[in-house]
file input30.txt (compact mmCIF, C-alpha atoms and all ligand atoms)
# COMPACT_ATOMS: atom_id res chain seq x y z
CA MET A 1 6.44 8.86 -10.23
CA THR A 2 6.26 5.23 -9.16
CA ASN A 3 4.01 2.55 -10.45
CA LEU A 4 2.27 -0.49 -9.21
CA GLN A 5 0.53 -2.59 -11.83
CA LEU A 6 -2.17 -5.10 -11.01
CA THR A 7 -3.86 -7.41 -13.53
CA ILE A 8 -7.12 -9.06 -12.49
CA LEU A 9 -6.87 -12.59 -13.93
CA GLY A 10 -9.93 -13.81 -12.04
CA SER A 11 -12.62 -11.77 -10.31
CA GLY A 12 -15.12 -14.48 -9.38
CA SER A 13 -15.69 -16.74 -6.41
CA ALA A 14 -16.35 -20.46 -6.10
CA VAL A 15 -17.99 -21.23 -9.46
CA PRO A 16 -16.16 -20.33 -12.71
CA LEU A 17 -18.24 -18.56 -15.37
CA PRO A 18 -17.40 -17.95 -19.05
CA ARG A 19 -16.39 -14.38 -18.35
CA ARG A 20 -15.60 -14.59 -14.65
CA SER A 21 -12.76 -16.82 -13.51
CA PRO A 22 -11.84 -17.85 -9.97
CA THR A 23 -9.38 -15.66 -8.10
CA SER A 24 -5.94 -14.78 -9.39
CA GLN A 25 -3.98 -11.55 -9.79
CA PHE A 26 -0.62 -10.63 -11.27
CA LEU A 27 1.15 -7.86 -9.37
CA THR A 28 4.21 -5.88 -10.44
CA LEU A 29 5.80 -3.67 -7.78
CA SER A 30 9.34 -2.23 -7.78
CA GLY A 31 9.94 -4.26 -10.94
CA ARG A 32 9.21 -7.52 -9.06
CA HIS A 33 6.44 -9.86 -10.18
CA PHE A 34 4.07 -11.78 -7.93
CA LEU A 35 1.18 -14.13 -8.70
CA LEU A 36 -1.55 -13.91 -6.05
CA ASP A 37 -3.71 -17.01 -5.79
CA CYS A 38 -4.09 -19.44 -8.63
CA GLY A 39 -7.69 -20.48 -9.27
CA GLU A 40 -8.68 -22.89 -12.02
CA GLY A 41 -7.63 -21.64 -15.46
CA THR A 42 -5.03 -19.15 -14.24
CA GLN A 43 -2.44 -20.37 -16.73
CA THR A 44 -4.71 -19.65 -19.70
CA LYS A 45 -5.47 -16.21 -18.27
CA LEU A 46 -1.73 -15.53 -18.02
CA ARG A 47 -1.41 -16.44 -21.71
CA GLN A 48 -4.40 -14.27 -22.61
CA HIS A 49 -2.66 -11.31 -20.97
CA LYS A 50 0.69 -12.23 -22.57
CA ILE A 51 2.33 -12.53 -19.16
CA GLY A 52 5.39 -14.69 -19.79
CA PHE A 53 5.67 -17.72 -17.53
CA GLY A 54 9.32 -16.81 -16.90
CA ARG A 55 8.09 -13.85 -14.85
CA ILE A 56 6.30 -16.18 -12.42
CA ASN A 57 8.79 -16.99 -9.67
CA HIS A 58 6.77 -16.17 -6.53
CA ILE A 59 3.23 -17.48 -6.02
CA PHE A 60 1.22 -16.48 -2.96
CA ILE A 61 -1.74 -18.68 -1.98
CA SER A 62 -4.30 -17.23 0.45
CA HIS A 63 -5.92 -20.55 1.39
CA LEU A 64 -6.70 -23.96 0.02
CA HIS A 65 -10.29 -23.46 -1.14
CA GLY A 66 -10.36 -24.63 -4.75
CA ASP A 67 -11.21 -21.27 -6.27
CA HIS A 68 -7.86 -19.94 -5.00
CA PHE A 69 -5.72 -23.03 -5.47
CA PHE A 70 -7.04 -25.45 -8.13
CA GLY A 71 -4.98 -23.81 -10.88
CA LEU A 72 -1.63 -24.15 -9.13
CA VAL A 73 -0.58 -27.73 -9.84
CA PRO A 74 -1.67 -27.52 -13.52
CA LEU A 75 0.44 -24.36 -13.88
CA LEU A 76 3.43 -26.10 -12.29
CA THR A 77 3.14 -29.15 -14.53
CA THR A 78 2.89 -26.91 -17.61
CA LEU A 79 6.09 -25.16 -16.52
CA HIS A 80 7.71 -28.60 -16.27
CA LEU A 81 6.60 -29.43 -19.82
CA LEU A 82 8.07 -26.12 -20.98
CA ASP A 83 11.42 -27.19 -19.50
CA ARG A 84 11.57 -24.77 -16.63
CA GLN A 85 14.69 -25.33 -14.53
CA LYS A 86 14.53 -22.37 -12.15
CA GLU A 87 13.18 -22.87 -8.62
CA MET A 88 9.64 -21.70 -7.81
CA HIS A 89 8.81 -20.01 -4.51
CA LEU A 90 5.41 -20.85 -3.03
CA TYR A 91 3.96 -18.88 -0.09
CA GLY A 92 0.93 -19.98 1.88
CA PRO A 93 -0.62 -22.28 4.48
CA PRO A 94 1.46 -24.95 6.23
CA GLU A 95 -0.69 -27.55 4.41
CA LEU A 96 0.20 -26.20 0.97
CA GLU A 97 3.22 -28.46 0.48
CA GLN A 98 1.25 -31.62 1.23
CA ALA A 99 -1.64 -30.51 -0.98
CA VAL A 100 0.67 -29.85 -3.94
CA GLN A 101 2.75 -32.98 -3.40
CA SER A 102 -0.21 -35.33 -3.05
CA LEU A 103 -1.69 -34.06 -6.34
CA LEU A 104 1.65 -34.46 -8.08
CA ASP A 105 2.13 -37.94 -6.62
CA SER A 106 -1.38 -39.21 -7.34
CA THR A 107 -1.16 -38.10 -10.96
CA GLY A 108 2.36 -39.49 -11.43
CA SER A 109 3.66 -35.97 -12.17
CA ARG A 110 7.25 -34.92 -11.64
CA LEU A 111 8.75 -31.45 -11.77
CA ARG A 112 12.25 -30.85 -13.06
CA PHE A 113 12.52 -27.66 -10.96
CA PRO A 114 12.53 -27.31 -7.16
CA LEU A 115 9.63 -25.91 -5.14
CA ILE A 116 10.62 -23.73 -2.19
CA TYR A 117 7.91 -23.33 0.42
CA HIS A 118 7.50 -20.28 2.66
CA VAL A 119 4.97 -20.98 5.40
CA ALA A 120 2.61 -18.35 6.80
CA GLN A 121 2.03 -18.59 10.55
CA PRO A 122 -1.55 -18.89 11.82
CA LYS A 123 -1.42 -16.64 14.89
CA ALA A 124 0.41 -13.49 13.84
CA PRO A 125 1.68 -11.62 10.76
CA THR A 126 4.69 -13.34 9.21
CA LEU A 127 7.41 -11.73 7.10
CA VAL A 128 7.51 -14.14 4.16
CA TYR A 129 9.52 -12.20 1.55
CA GLU A 130 12.11 -9.43 1.65
CA ASP A 131 14.65 -7.94 -0.70
CA GLU A 132 16.34 -4.53 -0.99
CA ALA A 133 13.26 -2.89 -2.53
CA LEU A 134 10.25 -4.32 -0.69
CA TRP A 135 8.88 -6.78 1.82
CA VAL A 136 5.74 -8.94 2.05
CA LYS A 137 3.92 -10.02 5.19
CA ALA A 138 1.27 -12.74 5.47
CA ILE A 139 -1.65 -11.58 7.62
CA PRO A 140 -4.04 -14.20 9.09
CA LEU A 141 -7.66 -13.53 8.06
CA GLU A 142 -10.92 -14.98 9.34
CA HIS A 143 -12.44 -17.58 7.05
CA GLY A 144 -13.87 -21.10 7.33
CA MET A 145 -10.31 -22.47 7.08
CA PRO A 146 -6.85 -21.02 7.72
CA CYS A 147 -6.46 -18.07 5.34
CA TRP A 148 -3.98 -15.23 4.87
CA GLY A 149 -3.95 -11.83 3.24
CA TYR A 150 -0.68 -10.41 1.91
CA HIS A 151 0.74 -6.96 2.58
CA PHE A 152 3.25 -5.70 -0.02
CA GLN A 153 5.31 -2.71 1.09
CA GLU A 154 8.02 -0.92 -0.87
CA LYS A 155 10.95 0.30 1.23
CA PRO A 156 11.96 3.97 1.19
CA ARG A 157 14.05 4.64 -1.89
CA PRO A 158 17.47 6.35 -1.95
CA ARG A 159 17.48 10.09 -2.73
CA LYS A 160 17.87 11.04 -6.38
CA MET A 161 21.35 12.39 -7.21
CA ARG A 162 21.40 15.52 -9.37
CA LYS A 163 23.72 15.02 -12.33
CA GLU A 164 24.27 18.76 -12.46
CA ALA A 165 25.71 18.64 -8.89
CA ILE A 166 28.09 15.80 -9.78
CA ASP A 167 29.41 17.77 -12.77
CA ARG A 168 29.56 21.14 -11.00
CA LEU A 169 31.36 19.92 -7.87
CA GLY A 170 33.28 17.01 -9.34
CA ILE A 171 31.78 14.57 -6.83
CA PRO A 172 33.73 11.28 -6.88
CA VAL A 173 31.75 8.11 -7.68
CA ALA A 174 32.79 6.65 -4.31
CA GLU A 175 30.82 9.36 -2.44
CA ILE A 176 27.57 9.09 -4.40
CA ARG A 177 26.14 6.14 -2.49
CA GLN A 178 26.40 7.99 0.85
CA ILE A 179 24.97 11.18 -0.62
CA LYS A 180 21.97 9.18 -1.89
CA GLN A 181 21.50 8.05 1.74
CA GLY A 182 21.33 11.71 2.85
CA ALA A 183 24.98 12.68 3.51
CA ALA A 184 26.42 16.14 2.77
CA PHE A 185 29.50 16.58 0.53
CA THR A 186 32.70 18.48 1.38
CA ASP A 187 34.71 19.57 -1.65
CA LEU A 188 38.51 19.89 -1.91
CA ALA A 189 38.39 23.56 -0.88
CA GLY A 190 36.73 22.48 2.38
CA THR A 191 33.25 23.84 1.56
CA THR A 192 30.39 21.61 2.73
CA HIS A 193 27.33 21.30 0.47
CA ALA A 194 24.07 20.36 2.16
CA ASN A 195 22.33 17.25 0.85
CA GLU A 196 19.27 19.23 -0.31
CA THR A 197 21.48 21.07 -2.81
CA LEU A 198 22.75 17.78 -4.26
CA THR A 199 19.70 15.53 -4.41
CA ASP A 200 15.95 15.46 -5.01
CA ASP A 201 13.27 13.61 -3.07
CA PRO A 202 12.80 10.02 -4.26
CA ALA A 203 9.45 8.75 -5.47
CA PRO A 204 7.40 7.72 -2.41
CA ALA A 205 7.09 4.03 -1.58
CA LEU A 206 3.82 2.32 -2.52
CA SER A 207 1.92 -0.38 -0.66
CA TYR A 208 -0.73 -2.94 -1.55
CA ALA A 209 -2.81 -5.26 0.63
CA TYR A 210 -4.59 -8.31 -0.77
CA CYS A 211 -7.33 -9.51 1.57
CA THR A 212 -9.48 -12.43 0.46
CA ASP A 213 -11.36 -14.49 1.66
CA THR A 214 -12.51 -13.14 4.98
CA ALA A 215 -15.34 -12.26 7.33
CA PRO A 216 -15.45 -8.57 8.37
CA LEU A 217 -12.39 -7.78 10.49
CA GLY A 218 -13.26 -4.51 12.23
CA PRO A 219 -10.12 -2.64 13.39
CA TYR A 220 -7.90 -5.69 12.81
CA LEU A 221 -6.69 -4.55 9.36
CA LYS A 222 -5.79 -1.15 10.75
CA GLU A 223 -3.79 -2.74 13.56
CA HIS A 224 -1.96 -5.30 11.43
CA ILE A 225 -1.65 -3.67 8.03
CA GLY A 226 -2.36 0.05 8.40
CA PRO A 227 -3.12 2.72 5.82
CA VAL A 228 -2.00 1.16 2.53
CA ASP A 229 -2.23 2.95 -0.81
CA LEU A 230 -4.32 0.22 -2.39
CA LEU A 231 -6.46 -2.45 -0.73
CA TYR A 232 -8.05 -5.35 -2.56
CA HIS A 233 -10.82 -6.71 -0.36
CA GLU A 234 -13.30 -9.42 -1.10
CA ALA A 235 -16.90 -8.29 -1.56
CA THR A 236 -18.65 -11.53 -2.37
CA PHE A 237 -22.17 -10.28 -1.63
CA THR A 238 -24.35 -7.18 -1.37
CA GLU A 239 -26.16 -6.24 1.84
CA THR A 240 -29.26 -8.04 0.47
CA HIS A 241 -27.39 -11.28 1.12
CA ARG A 242 -25.71 -10.26 4.35
CA ASP A 243 -26.92 -13.42 6.12
CA ARG A 244 -25.36 -15.57 3.43
CA ALA A 245 -22.10 -13.61 3.80
CA GLN A 246 -22.10 -14.31 7.51
CA GLN A 247 -22.84 -18.04 7.07
CA THR A 248 -19.98 -18.44 4.59
CA THR A 249 -17.46 -16.15 6.37
CA HIS A 250 -17.42 -13.66 3.52
CA CYS A 251 -18.11 -9.93 3.29
CA THR A 252 -20.63 -7.65 1.66
CA ALA A 253 -19.44 -4.70 -0.40
CA ARG A 254 -20.49 -2.41 2.42
CA GLN A 255 -18.42 -4.36 4.93
CA ALA A 256 -15.40 -4.25 2.60
CA ALA A 257 -15.78 -0.47 2.35
CA GLU A 258 -16.06 -0.15 6.12
CA GLY A 259 -12.85 -2.17 6.44
CA ALA A 260 -11.06 0.10 3.95
CA GLN A 261 -12.27 3.21 5.71
CA THR A 262 -11.25 1.95 9.14
CA MET A 263 -7.73 1.03 8.04
CA GLY A 264 -7.28 4.25 6.08
CA ALA A 265 -6.66 2.65 2.66
CA GLN A 266 -6.32 5.30 -0.05
CA LYS A 267 -8.17 3.25 -2.69
CA LEU A 268 -10.29 0.12 -2.50
CA LEU A 269 -10.73 -2.60 -5.12
CA LEU A 270 -13.68 -4.97 -4.69
CA GLY A 271 -13.65 -8.55 -5.98
CA HIS A 272 -14.49 -12.24 -5.47
CA PHE A 273 -18.01 -11.68 -6.74
CA SER A 274 -20.73 -14.30 -6.23
CA ILE A 275 -22.18 -15.79 -9.42
CA ARG A 276 -25.64 -14.51 -8.41
CA TYR A 277 -24.67 -10.99 -9.57
CA ASP A 278 -24.74 -10.44 -13.32
CA ASP A 279 -24.67 -6.72 -12.90
CA LEU A 280 -21.90 -5.69 -10.52
CA ALA A 281 -22.79 -2.00 -10.36
CA PRO A 282 -24.83 -2.39 -7.14
CA LEU A 283 -21.75 -3.71 -5.33
CA GLU A 284 -19.76 -0.64 -6.32
CA GLU A 285 -22.62 1.70 -5.38
CA GLU A 286 -22.98 0.03 -2.01
CA ALA A 287 -19.27 0.40 -1.26
CA ARG A 288 -19.07 4.00 -2.51
CA ALA A 289 -21.93 5.05 -0.24
CA VAL A 290 -19.56 4.26 2.65
CA TYR A 291 -16.18 4.88 1.05
CA PRO A 292 -16.13 6.85 -2.23
CA PRO A 293 -12.71 5.72 -3.57
CA SER A 294 -14.06 2.17 -4.13
CA TYR A 295 -13.82 0.43 -7.51
CA LEU A 296 -14.81 -2.92 -8.96
CA ALA A 297 -11.87 -5.17 -9.82
CA ARG A 298 -13.47 -6.47 -13.00
CA GLU A 299 -12.25 -9.46 -14.95
CA ASP A 300 -9.18 -8.71 -17.09
CA GLN A 301 -8.81 -5.13 -15.88
CA VAL A 302 -5.30 -3.76 -15.49
CA PHE A 303 -4.86 -1.16 -12.74
CA GLU A 304 -1.93 1.24 -12.53
CA LEU A 305 -1.26 3.00 -9.27
CA SER A 306 1.08 5.95 -9.32
CA ARG A 307 1.85 9.00 -7.26
CA LYS A 308 2.56 12.40 -8.74
CA ASP A 309 2.84 15.75 -6.97
CA GLY A 310 1.72 14.10 -3.72
CA LYS A 311 -1.48 12.68 -5.24
CA LEU A 312 -2.33 9.03 -5.80
CA TYR A 313 -3.77 7.98 -9.17
CA LEU A 314 -5.51 4.71 -9.99
ZN ZN B 1 -12.57 -19.36 0.53

call {"tool": "encode", "arguments": {"input": "input30.txt", "output": "structure tokens"}}
result
Amino acid sequence: MTNLQLTILGSGSAVPLPRRSPTSQFLTLSGRHFLLDCGEGTQTKLRQHKIGFGRINHIFISHLHGDHFFGLVPLLTTLHLLDRQKEMHLYGPPELEQAVQSLLDSTGSRLRFPLIYHVAQPKAPTLVYEDEALWVKAIPLEHGMPCWGYHFQEKPRPRKMRKEAIDRLGIPVAEIRQIKQGAAFTDLAGTTHANETLTDDPAPALSYAYCTDTAPLGPYLKEHIGPVDLLYHEATFTETHRDRAQQTTHCTARQAAEGAQTMGAQKLLLGHFSIRYDDLAPLEEEARAVYPPSYLAREDQVFELSRKDGKLYL
């Protein structure tokens, strides 16, 4: 069983409300931690959820609209005050570095730790992060300004070695790595043991796509991201305000659900709600009418995604 954990630190859109903050999420996947967007007040939301600042080493910014970005420099300056020394990796638009630096400069702020920028390219998906367990691509979206979604994909895991097989056959430690990659084992008597008798299937890799803010994208998400396990897609409006969604290059809940269905996402989370909706149930109903596995990403909710016996649980 593998797990992906996602904490919704902010579920709102442009205007902060007492119980609905601008966009931010904290994602844990393969034991790695990622902060996605950093709207105003994100640092206090991190404290509220007891997410230690030391776990924040990679921050992904979708675009420079304030409700996704205005919490970033305050978070960085707080980390400076708390004596952070370790470098911070920032992922986002080419203009991110200048935006951060000009705010730091104009407020006379200095950071005692380095900022490392990873720039998303405007025309095509960009691989912006990779390690032995997973990779992240930045996917250009369609918004009033340059904007990117992020696709998090775990890599296939090594096969699980059976301890019983090691003991029974006296498998040397030096051979275990290859066996975990699928190799057979030949013992001293010359008998070859097939890999299936030595190992079990690993937990399947999980994937997550974070897509906000954007106009409806048709088959684009299918072509550039594909059938992820979990999709977070903005659903700023209901169909009642479809014109407004179009004017502001946002989506309705129905359009988000159509996007999820087209790309073959297993589960859909809806967010980035307009302040005009007190009751969010109609957004969920609208999405579920098109795509039943749709859920509201409500403020402060923590989602766990896991797979057991071939089924996905949220
Ligand atoms: Zn925006």

call {"tool": "residues_around", "arguments": {"input": "input30.txt", "residues": "Thr44 in chain A", "least_positions_apart": "3", "cutoff": "12 Å", "atoms": "all atoms listed in the file", "output": "list in words"}}
result
Leu9, Gly10, Ser21, Ser24, Cys38, Gly39, Glu40, Gly41, Arg47, Gln48, His49, Lys50, Ile51, Gly52, Phe53, Gly71, Leu72, Pro74, Leu75 and Thr78 of chain A

call {"tool": "write_last_selection", "arguments": {"input": "input30.txt", "atoms": "C-alpha atoms", "output": "compact mmCIF listing (two decimals), in the coordinates of the input"}}
result
# COMPACT_ATOMS: atom_id res chain seq x y z
CA LEU A 9 -6.87 -12.59 -13.93
CA GLY A 10 -9.93 -13.81 -12.04
CA SER A 21 -12.76 -16.82 -13.51
CA SER A 24 -5.94 -14.78 -9.39
CA CYS A 38 -4.09 -19.44 -8.63
CA GLY A 39 -7.69 -20.48 -9.27
CA GLU A 40 -8.68 -22.89 -12.02
CA GLY A 41 -7.63 -21.64 -15.46
CA ARG A 47 -1.41 -16.44 -21.71
CA GLN A 48 -4.40 -14.27 -22.61
CA HIS A 49 -2.66 -11.31 -20.97
CA LYS A 50 0.69 -12.23 -22.57
CA ILE A 51 2.33 -12.53 -19.16
CA GLY A 52 5.39 -14.69 -19.79
CA PHE A 53 5.67 -17.72 -17.53
CA GLY A 71 -4.98 -23.81 -10.88
CA LEU A 72 -1.63 -24.15 -9.13
CA PRO A 74 -1.67 -27.52 -13.52
CA LEU A 75 0.44 -24.36 -13.88
CA THR A 78 2.89 -26.91 -17.61

call {"tool": "residues_near_ligand", "arguments": {"input": "input30.txt", "ligand": "ligand ZN 1 (chain B)", "cutoff": "7 Å", "atoms": "all atoms listed in the file", "output": "number ranges by chain"}}
result
A: 63, 65, 143, 213

call {"tool": "write_last_selection", "arguments": {"input": "input30.txt", "atoms": "C-alpha atoms", "output": "CSV table (one decimal), keeping the file's coordinate frame"}}
result
chain,number,residue,atom,x,y,z
A,63,HIS,CA,-5.9,-20.6,1.4
A,65,HIS,CA,-10.3,-23.5,-1.1
A,143,HIS,CA,-12.4,-17.6,7.0
A,213,ASP,CA,-11.4,-14.5,1.7

call {"tool": "residues_around", "arguments": {"input": "input30.txt", "residues": "range 245-249 of chain A", "least_positions_apart": "4", "cutoff": "9 Å", "atoms": "all atoms listed in the file", "output": "PyMOL selection string"}}
result
chain A and resi 142-144+213-216+236-239+241

call {"tool": "atom_distance", "arguments": {"input": "input30.txt", "atom1": "CA of Ser13 in chain A", "atom2": "CA of Tyr150 in chain A"}}
result
18.3 Å

call {"tool": "residues_near_point", "arguments": {"input": "input30.txt", "point": "(-5.1, -5.7, -18.3)", "cutoff": "12 Å", "atoms": "only C-alpha atoms", "output": "short mmCIF file (atom, residue, chain, number, x, y, z; two decimals) with C-alpha atoms, in the coordinates of the input"}}
result
data_model
loop_
_atom_site.label_atom_id
_atom_site.label_comp_id
_atom_site.auth_asym_id
_atom_site.auth_seq_id
_atom_site.Cartn_x
_atom_site.Cartn_y
_atom_site.Cartn_z
CA GLN A 5 0.53 -2.59 -11.83
CA LEU A 6 -2.17 -5.10 -11.01
CA THR A 7 -3.86 -7.41 -13.53
CA ILE A 8 -7.12 -9.06 -12.49
CA LEU A 9 -6.87 -12.59 -13.93
CA GLY A 10 -9.93 -13.81 -12.04
CA GLN A 25 -3.98 -11.55 -9.79
CA PHE A 26 -0.62 -10.63 -11.27
CA LEU A 27 1.15 -7.86 -9.37
CA LYS A 45 -5.47 -16.21 -18.27
CA LEU A 46 -1.73 -15.53 -18.02
CA ARG A 47 -1.41 -16.44 -21.71
CA GLN A 48 -4.40 -14.27 -22.61
CA HIS A 49 -2.66 -11.31 -20.97
CA LYS A 50 0.69 -12.23 -22.57
CA ILE A 51 2.33 -12.53 -19.16
CA ALA A 297 -11.87 -5.17 -9.82
CA ARG A 298 -13.47 -6.47 -13.00
CA GLU A 299 -12.25 -9.46 -14.95
CA ASP A 300 -9.18 -8.71 -17.09
CA GLN A 301 -8.81 -5.13 -15.88
CA VAL A 302 -5.30 -3.76 -15.49
CA PHE A 303 -4.86 -1.16 -12.74
CA GLU A 304 -1.93 1.24 -12.53
#

call {"tool": "atom_distance", "arguments": {"input": "input30.txt", "atom1": "CA of Glu97 in chain A", "atom2": "CA of Val119 in chain A"}}
result
9.1 Å

call {"tool": "residues_around", "arguments": {"input": "input30.txt", "residues": "Leu269 in chain A", "least_positions_apart": "2", "cutoff": "12 Å", "atoms": "all atoms listed in the file", "output": "ChimeraX atom specification"}}
result
/A:6-8,11,208-212,229-235,253,256-257,259-260,265-267,271-273,283-284,287-288,291-298,301-303,305,314

call {"tool": "closest_residue", "arguments": {"input": "input30.txt", "among": "A:Gln85, A:Thr192, A:Ser207, A:Asn3", "to": "Tyr313 in chain A", "atoms": "all atoms listed in the file"}}
result
A:Asn3

call {"tool": "closest_residue", "arguments": {"input": "input30.txt", "among": "A:Ala194, A:Val173, A:Leu206, A:Leu312", "to": "Glu154 in chain A", "atoms": "only C-alpha atoms"}}
result
A:Leu206

call {"tool": "closest_residue", "arguments": {"input": "input30.txt", "among": "A:Ser62, A:Gln255, A:Thr23, A:Ser306", "to": "Met145 in chain A", "atoms": "only C-alpha atoms"}}
result
A:Ser62

call {"tool": "closest_residue", "arguments": {"input": "input30.txt", "among": "A:Lys222, A:Arg168, A:Arg242, A:His58", "to": "Gln261 in chain A", "atoms": "only C-alpha atoms"}}
result
A:Lys222

call {"tool": "atom_distance", "arguments": {"input": "input30.txt", "atom1": "CA of His118 in chain A", "atom2": "CA of His89 in chain A"}}
result
7.3 Å

call {"tool": "residues_around", "arguments": {"input": "input30.txt", "residues": "Trp135 in chain A", "least_positions_apart": "6", "cutoff": "9 Å", "atoms": "only C-alpha atoms", "output": "PyMOL selection string"}}
result
chain A and resi 127-129+151-155

call {"tool": "residues_around", "arguments": {"input": "input30.txt", "residues": "Phe113 in chain A", "least_positions_apart": "2", "cutoff": "10 Å", "atoms": "only C-alpha atoms", "output": "list in words"}}
result
Leu76, Leu79, His80, Asp83, Arg84, Gln85, Lys86, Glu87, Met88, Arg110, Leu111, Leu115 and Ile116 of chain A

call {"tool": "residues_near_point", "arguments": {"input": "input30.txt", "point": "(5.4, -13.0, -8.5)", "cutoff": "6 Å", "atoms": "all atoms listed in the file", "output": "JSON, numbers by chain"}}
result
{"A": [33, 34, 35, 56, 57, 58, 59]}

call {"tool": "closest_residue", "arguments": {"input": "input30.txt", "among": "A:Arg276, A:Lys180, A:Arg55, A:Arg19", "to": "Arg32 in chain A", "atoms": "only C-alpha atoms"}}
result
A:Arg55

call {"tool": "axis_aligned_box", "arguments": {"input": "input30.txt", "around": "range 73-87 of chain A", "padding_each_side": "4 Å", "output": "JSON"}}
result
{"center_x": 6.5, "center_y": -25.9, "center_z": -14.8, "size_x": 24.4, "size_y": 15.1, "size_z": 20.4}

call {"tool": "closest_residue", "arguments": {"input": "input30.txt", "among": "A:Ser30, A:Thr77, A:Gln43, A:Thr240", "to": "Leu103 in chain A", "atoms": "all atoms listed in the file"}}
result
A:Thr77

call {"tool": "build_atoms", "arguments": {"input": "input30.txt", "residues": "range 160-178 of chain A", "atoms": "N, CA and C atoms", "output": "CSV table (one decimal), in the frame of the given file"}}
result
chain,number,residue,atom,x,y,z
A,160,LYS,N,17.5,11.0,-5.0
A,160,LYS,CA,17.9,11.0,-6.4
A,160,LYS,C,19.0,12.0,-6.6
A,161,MET,N,20.2,11.6,-7.0
A,161,MET,CA,21.4,12.4,-7.2
A,161,MET,C,21.1,13.3,-8.4
A,162,ARG,N,21.5,14.6,-8.2
A,162,ARG,CA,21.4,15.5,-9.4
A,162,ARG,C,22.7,15.4,-10.2
A,163,LYS,N,22.5,15.1,-11.5
A,163,LYS,CA,23.7,15.0,-12.3
A,163,LYS,C,24.5,16.3,-12.4
A,164,GLU,N,23.7,17.4,-12.4
A,164,GLU,CA,24.3,18.8,-12.5
A,164,GLU,C,25.2,19.0,-11.3
A,165,ALA,N,24.9,18.5,-10.1
A,165,ALA,CA,25.7,18.6,-8.9
A,165,ALA,C,27.0,17.8,-9.0
A,166,ILE,N,26.9,16.6,-9.6
A,166,ILE,CA,28.1,15.8,-9.8
A,166,ILE,C,29.1,16.5,-10.7
A,167,ASP,N,28.5,17.1,-11.8
A,167,ASP,CA,29.4,17.8,-12.8
A,167,ASP,C,30.0,19.1,-12.2
A,168,ARG,N,29.2,19.8,-11.5
A,168,ARG,CA,29.6,21.1,-11.0
A,168,ARG,C,30.6,21.0,-9.9
A,169,LEU,N,30.5,20.0,-9.0
A,169,LEU,CA,31.4,19.9,-7.9
A,169,LEU,C,32.4,18.8,-8.0
A,170,GLY,N,32.3,18.1,-9.1
A,170,GLY,CA,33.3,17.0,-9.3
A,170,GLY,C,33.2,16.0,-8.3
A,171,ILE,N,32.0,15.6,-7.9
A,171,ILE,CA,31.8,14.6,-6.8
A,171,ILE,C,32.3,13.2,-7.3
A,172,PRO,N,33.2,12.6,-6.5
A,172,PRO,CA,33.7,11.3,-6.9
A,172,PRO,C,32.6,10.2,-6.8
A,173,VAL,N,32.7,9.2,-7.6
A,173,VAL,CA,31.8,8.1,-7.7
A,173,VAL,C,31.6,7.5,-6.3
A,174,ALA,N,32.8,7.3,-5.6
A,174,ALA,CA,32.8,6.6,-4.3
A,174,ALA,C,31.9,7.3,-3.3
A,175,GLU,N,31.6,8.6,-3.4
A,175,GLU,CA,30.8,9.4,-2.4
A,175,GLU,C,29.3,9.3,-2.7
A,176,ILE,N,29.0,8.9,-4.0
A,176,ILE,CA,27.6,9.1,-4.4
A,176,ILE,C,26.6,8.2,-3.6
A,177,ARG,N,27.0,7.0,-3.2
A,177,ARG,CA,26.1,6.1,-2.5
A,177,ARG,C,25.7,6.8,-1.2
A,178,GLN,N,26.7,7.4,-0.4
A,178,GLN,CA,26.4,8.0,0.8
A,178,GLN,C,25.5,9.2,0.7
